[in-house]
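Asks: Structure incoming, see below.
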Amino acid sequence: MFAHLVLSLRSAGLPASITEYLTLLGAMKAGVAEYSVDDFYYLARTTLVKDERHLDKFDRVFAQCFKGLEPPEGVKVEDLPEEWLKKLAEKLLSPEEMAKIQSLGGFDAIMNRLKELLAEQKGRHQGGSKWIGTAGTSPFGAYGYNPEGVRIGQEESRHRRAVKVWDKRDYKDLDDTVELGTRGMKLALRRLRRFARQGAATELDLPDTIRSTANNAGSLDLKMVPERHNTVKVLLFLDVGGSMDDHIRQTEELFSAVRSEFKHLEYYYFHNFPYERVWKHNRRRHDETIPTWQVLRTYGPDYKLIIVGDASMSPYEISMPGGSVEHYNEEPGTVWLDRLSSHYRRSAWLNPTPRPIWGHTRSISMVNDLMAGRMYPLTVNGIDEMTRELSR
Amino acid sequence: MAGFKSTEAYIATRDLEVAVNAAVTLQRPLLVKGEPGTGKTVLAHEVAQSLGCPLIEWHIKSTTKAQQGLYEYDAVSRLRDGQLGDPRVHDIGNYIVRGKLWDAFEADEQTVVLIDEVDKADIEFPNDLLLELDRMQFFVYETRKTVAAKHRPVVIITSNNEKELPDAFLRRCFFHYIRFPDRPTMERIVHAHYPDIRKDLAKEALTVFFQVREVPGLKKKPATSELLDWLKLLMVEDLPIEALRSNEKQVVIPPLYGALLKNEQDVHLFERLAFLSRRGG
């Protein structure tokens, strides 16, 4: 009966299974939800969603299944195709208003301006008369008054009486693509820990010894197990200073999470891009630098290399000799990054800037190409992807 | 259907009621998550009270093993008794120590079992309880006996999200995330706990409380239980209402803030904010 809902949830990436579907049907049959739609929503939620990260996704799919109002998951405002916007605008505007649009330079002019604004604008916006946002008088955005307005991202008419529970989207903040605390990081980094018991049996297994001794009716029977140790070795390169200052707090959080997870962890700092020298203590970066060659010689290819940096710089800093902002580098940055990523079997780049805006900075796409696409955002999801890649 | 409802002492939102009733009706475990201090543990007490069954609490620590909830075989006592020549040693059943789940399964009436903070235990802990919670029975190897539940208990599991729980475990549970209460719900909660609190005091205190939660960068936001402690202190101290009042621009450090802010850094943050706003205003 509600197979449609379960299938939509699955295609939206929510792990709902047949067991849970049957449970839902069982609960319906037992009369838990009776005849109220809200109760059915709560029941479906408690049965099919098992993690608060998925609650927002569930709300969206539920709304779509039972109303067909919201756009499908994954379409961001930035990705809206032009035809769609055009259609939307045509639907919303009366002929007189369309005529008025000519005053702004015609429809194509508006569309071009909109594209510029979308590229320029970084955050959410409300009020004002230029940016795309809500409740303003700019031609673009939602809930606005400008007759030339193009409506973006407004889920329902303002005149509708009430908002349905699932349309409130109360769980938006719990979506795991944004939230990032030390705790969440630890969860993701745990994937990197591959506990392996190997080597000689050197540790006394006390519980097993007691058990075997008791089973032996009191004559002592010693049991040994191999020592447990973490086999993962990690080499961290951290970008400090310059454009990274905004992200330093996030990076430190990552750093403290990593530090407690590994036995073999080495870390080095660099500025903007790794060249021929890196340093170990940020305070003494000008006196005590270490040649990158030495790092490559000291730590073998079995180390996993994680570079943390926003990769936002002038493209020359990457591609040209002498491009560095701090010193004269004889070899271009690309050579050094190639050396690092070919020496280490597993390497990845973590970027604190959000993924959707990577395309707007040329140097980020350059670095991503150099890393063969192994650049991940500094979010719980991104770290999860990275650790999966690193531990393959 | 009778079911679980808000009581005078515990305010449950409608979605929580539906979740609890679903778990009780279908006799499956209910997994409850939420910010610390939003009443996850208290929920089990309230469910037990409203169903009129005894509550069996099993608090999980980092060293807890799943087996301890079922039973433990005390081999060391048996070894000692064997060496002392105690006749009890011939019956292995004398050295089986019952766990909380065994107690719940063998009880003559339905019980409510609270498995508190399941995420504290080892990562394999939930996996080890899969079959036991599904079938509500387990096998005792030492005595070759199967212990099956006479009445399937209502199982409530709480988690603070410190570890991810395995999918197979989640499939068998109902899930509810206790959201932080909004202001009207909070007013009902305050009223339920302190029916004789002065109206103006409650109003001002709630305003301050929600302001404190809004402060960006707090390490540990105060939650319901902190608010209730703080209100109690305010009532005992009988402070003048003006001490709580702050205008829009100025941030004041709430009196008796020790009940609200549990972290040294948070207190510093607050003092800095208050200093800045005094200087600015």
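Starting from 1 in every chain, residues are counted up; chains themselves are A, B, ... following the order of the structure tokens, and ligands are numbered from 1 as listed.
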Dump as a list in words the residues of chain B that approach chain A to within 6 Å, counting only C-alpha atoms.
Replies: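 Here they are: Asp15, Ala19, Ala22, Leu79, Phe174, Phe175 and His176 of chain B.
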Asks: Work out how far apart atom CA of Ala148 of chain B and atom CA of Phe4 of chain B are and give it in Å to one decimal.
Replies: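 Interatomic distance here is 26.2 Å.
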Asks: For each of B:Tyr194, B:Trp58, B:Trp230, B:Phe275, take the minimum atom-to-atom distance to Ala44 of chain B, counting only C-alpha atoms, then give the residue where this is smallest.
Replies: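 Selected residue with least distance to Ala44 of chain B: B:Trp58.
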Asks: Skipping near chain neighbours, those fewer than 2 positions away, what residues fall within 12 Å of Tyr10 of chain B using only C-alpha atoms, listed as a ChimeraX atom specification?
Replies: /B:4-8,12-13,16-17,38-47,49-50,185-186,188-194,224
Asks: Skip Glu226 of chain B itself and residues of its chain fewer than 5 positions away, then list as number ranges by chain all residues within 8 Å of it, counting only C-alpha atoms.
Replies: B: 37, 259-260
Asks: Print the selection's residues with N, CA and C atoms to a file, as a PDB file, in the first residue's frame.
Replies:
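The resulting file, part09.pdb, is shown below:
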```
ATOM      1  N   GLY B  37      20.056  15.528  28.369  1.00  0.00           N
ATOM      2  CA  GLY B  37      19.182  16.358  29.201  1.00  0.00           C
ATOM      3  C   GLY B  37      17.821  16.619  28.610  1.00  0.00           C
ATOM      4  N   ALA B 259      24.281  26.503  37.325  1.00  0.00           N
ATOM      5  CA  ALA B 259      23.344  25.424  37.021  1.00  0.00           C
ATOM      6  C   ALA B 259      23.130  25.291  35.520  1.00  0.00           C
ATOM      7  N   LEU B 260      23.371  26.396  34.787  1.00  0.00           N
ATOM      8  CA  LEU B 260      23.093  26.367  33.343  1.00  0.00           C
ATOM      9  C   LEU B 260      24.330  26.048  32.527  1.00  0.00           C
TER      10      LEU B 260
END
```
Asks: Given only C-alpha atoms as the basis, pick out the residue of B:Arg80, B:Arg144, B:Arg172, B:Arg98 nearest to Leu22 of chain A.
Replies: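 Selected residue with least distance to Leu22 of chain A: B:Arg172.
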Asks: Please list as a list in words every residue within 8 Å of segment 216-222 of chain B, counting only C-alpha atoms and excluding residues in the same chain fewer than 6 positions away.
Replies: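 My reading of the contact set: Phe209, Leu260, Leu261, Lys262, Asn263, Gln265, Asp266 and Leu269 of chain B.
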Asks: One decimal, in Å: what's the spacing between atom CA of Leu14 of chain A and atom CA of Glu117 of chain B?
Replies: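 Atom CA of Glu117 of chain B lies 24.9 Å from atom CA of Leu14 of chain A.
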Asks: Skip segment 118-122 of chain B itself and residues of its chain fewer than 3 positions away, then list as a tab-separated table (two decimals) with N, CA and C atoms, in the first residue's frame all residues within 8 Å of it, counting only C-alpha atoms.
Replies:
```
chain	number	residue	atom	x	y	z
B	60	ILE	N	24.70	0.93	30.91
B	60	ILE	CA	25.82	0.40	30.14
B	60	ILE	C	27.07	1.25	30.39
B	61	LYS	N	28.19	0.57	30.58
B	61	LYS	CA	29.47	1.27	30.70
B	61	LYS	C	30.38	0.81	29.57
B	62	SER	N	31.55	1.41	29.49
B	62	SER	CA	32.44	1.06	28.38
B	62	SER	C	32.92	-0.38	28.49
B	63	THR	N	32.86	-0.95	29.70
B	63	THR	CA	33.36	-2.31	29.88
B	63	THR	C	32.24	-3.35	29.85
B	64	THR	N	30.98	-2.89	29.71
B	64	THR	CA	29.86	-3.83	29.76
B	64	THR	C	29.88	-4.76	28.54
B	65	LYS	N	29.66	-6.03	28.79
B	65	LYS	CA	29.55	-7.00	27.70
B	65	LYS	C	28.09	-7.43	27.57
B	115	ILE	N	17.69	-0.06	28.58
B	115	ILE	CA	19.11	-0.25	28.30
B	115	ILE	C	19.68	1.14	28.08
B	125	PHE	N	28.71	-4.57	20.86
B	125	PHE	CA	27.69	-4.85	21.87
B	125	PHE	C	26.29	-5.04	21.30
B	126	PRO	N	25.79	-4.09	20.47
B	126	PRO	CA	24.43	-4.27	19.95
B	126	PRO	C	24.29	-5.52	19.10
B	157	ILE	N	15.79	1.72	24.62
B	157	ILE	CA	17.24	1.85	24.53
B	157	ILE	C	17.57	3.31	24.30
B	158	THR	N	18.48	3.87	25.07
B	158	THR	CA	18.87	5.25	24.82
B	158	THR	C	20.29	5.30	24.29
B	159	SER	N	20.56	6.33	23.49
B	159	SER	CA	21.89	6.48	22.92
B	159	SER	C	22.24	7.95	22.85
B	160	ASN	N	23.51	8.25	23.10
B	160	ASN	CA	23.98	9.64	22.98
B	160	ASN	C	24.80	9.85	21.73
B	161	ASN	N	24.72	8.90	20.82
B	161	ASN	CA	25.38	9.08	19.52
B	161	ASN	C	26.89	9.04	19.57
B	162	GLU	N	27.48	8.41	20.59
B	162	GLU	CA	28.94	8.39	20.62
B	162	GLU	C	29.49	7.37	19.64
B	163	LYS	N	28.70	6.35	19.38
B	163	LYS	CA	29.14	5.38	18.39
B	163	LYS	C	27.98	5.12	17.45
B	164	GLU	N	28.32	4.76	16.24
B	164	GLU	CA	27.27	4.43	15.30
B	164	GLU	C	26.78	3.01	15.59
B	165	LEU	N	25.47	2.81	15.53
B	165	LEU	CA	24.93	1.48	15.82
B	165	LEU	C	24.80	0.71	14.51
```
Asks: Might you pull out every residue within 8 Å of Lys280 of chain A, with only C-alpha atoms counted and same-chain residues fewer than 3 positions away left off, and present them as number ranges by chain?
Replies: A: 267-269, 285, 288-290
Asks: Next, dump the selected residues to file, keeping only C-alpha atoms, as a compact mmCIF listing (two decimals), in the first residue's frame.
Replies:
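As a result, again_38.txt now contains:
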```txt
# COMPACT_ATOMS: atom_id res chain seq x y z
CA TYR A 267 52.21 15.92 10.89
CA TYR A 268 53.81 18.76 8.97
CA TYR A 269 52.72 22.26 8.13
CA ARG A 285 58.40 28.03 10.69
CA GLU A 288 63.26 25.10 11.38
CA THR A 289 62.09 23.80 8.04
CA ILE A 290 62.56 20.26 6.84
```
Asks: Please give the complete set of residues from segment 124-258 of chain B that DSSP, run on the backbone, assigns to helix (DSSP H, G or I), formatted as a ChimeraX atom specification.
Replies: /B:125-128,130-135,167-171,183-193,199-214,224-237,241-243,257-258
Asks: List every residue of segment 254-362 of chain A that DSSP, applied to the backbone of this structure, places in strand (DSSP E or B), and write the result as a list in words.
Replies: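 Assigned to strand (DSSP E or B), within segment 254-362 of chain A: His264, Leu265, Glu266, Tyr267, Tyr268, Tyr269, Phe270, Arg277, Val278, Trp279, Thr289, Ile290, Pro291, Lys304, Leu305, Ile306, Ile307, Val308, Arg346, Ser347, Ala348, Trp349, Leu350 and Asn351 of chain A.
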Asks: Export C-alpha atoms of the chosen residues as a PDB file, in the first residue's frame?
Replies:
```pdb
ATOM      1  CA  HIS A 264      51.739   6.308  14.083  1.00  0.00           C
ATOM      2  CA  LEU A 265      50.840   9.847  13.195  1.00  0.00           C
ATOM      3  CA  GLU A 266      53.225  12.408  11.766  1.00  0.00           C
ATOM      4  CA  TYR A 267      52.214  15.916  10.893  1.00  0.00           C
ATOM      5  CA  TYR A 268      53.814  18.755   8.974  1.00  0.00           C
ATOM      6  CA  TYR A 269      52.715  22.257   8.135  1.00  0.00           C
ATOM      7  CA  PHE A 270      52.934  24.126   4.872  1.00  0.00           C
ATOM      8  CA  ARG A 277      60.255  22.484   2.445  1.00  0.00           C
ATOM      9  CA  VAL A 278      57.711  21.883   5.192  1.00  0.00           C
ATOM     10  CA  TRP A 279      57.921  22.562   8.934  1.00  0.00           C
ATOM     11  CA  THR A 289      62.093  23.797   8.045  1.00  0.00           C
ATOM     12  CA  ILE A 290      62.558  20.260   6.845  1.00  0.00           C
ATOM     13  CA  PRO A 291      63.172  19.313   3.211  1.00  0.00           C
ATOM     14  CA  LYS A 304      48.495   7.303   4.276  1.00  0.00           C
ATOM     15  CA  LEU A 305      48.882  10.918   3.247  1.00  0.00           C
ATOM     16  CA  ILE A 306      46.159  13.403   4.143  1.00  0.00           C
ATOM     17  CA  ILE A 307      46.614  16.991   3.013  1.00  0.00           C
ATOM     18  CA  VAL A 308      44.324  19.574   4.607  1.00  0.00           C
ATOM     19  CA  ARG A 346      46.979   6.190  -0.543  1.00  0.00           C
ATOM     20  CA  SER A 347      46.557   9.928  -0.405  1.00  0.00           C
ATOM     21  CA  ALA A 348      43.701  12.395  -0.217  1.00  0.00           C
ATOM     22  CA  TRP A 349      43.080  16.120   0.041  1.00  0.00           C
ATOM     23  CA  LEU A 350      40.583  17.496   2.555  1.00  0.00           C
ATOM     24  CA  ASN A 351      39.091  20.866   1.716  1.00  0.00           C
TER      25      ASN A 351
END
```
Asks: Find the distance between atom CA of Trp293 of chain A and atom CA of Pro274 of chain A and write it in Å to one decimal.
Replies: 11.5 Å
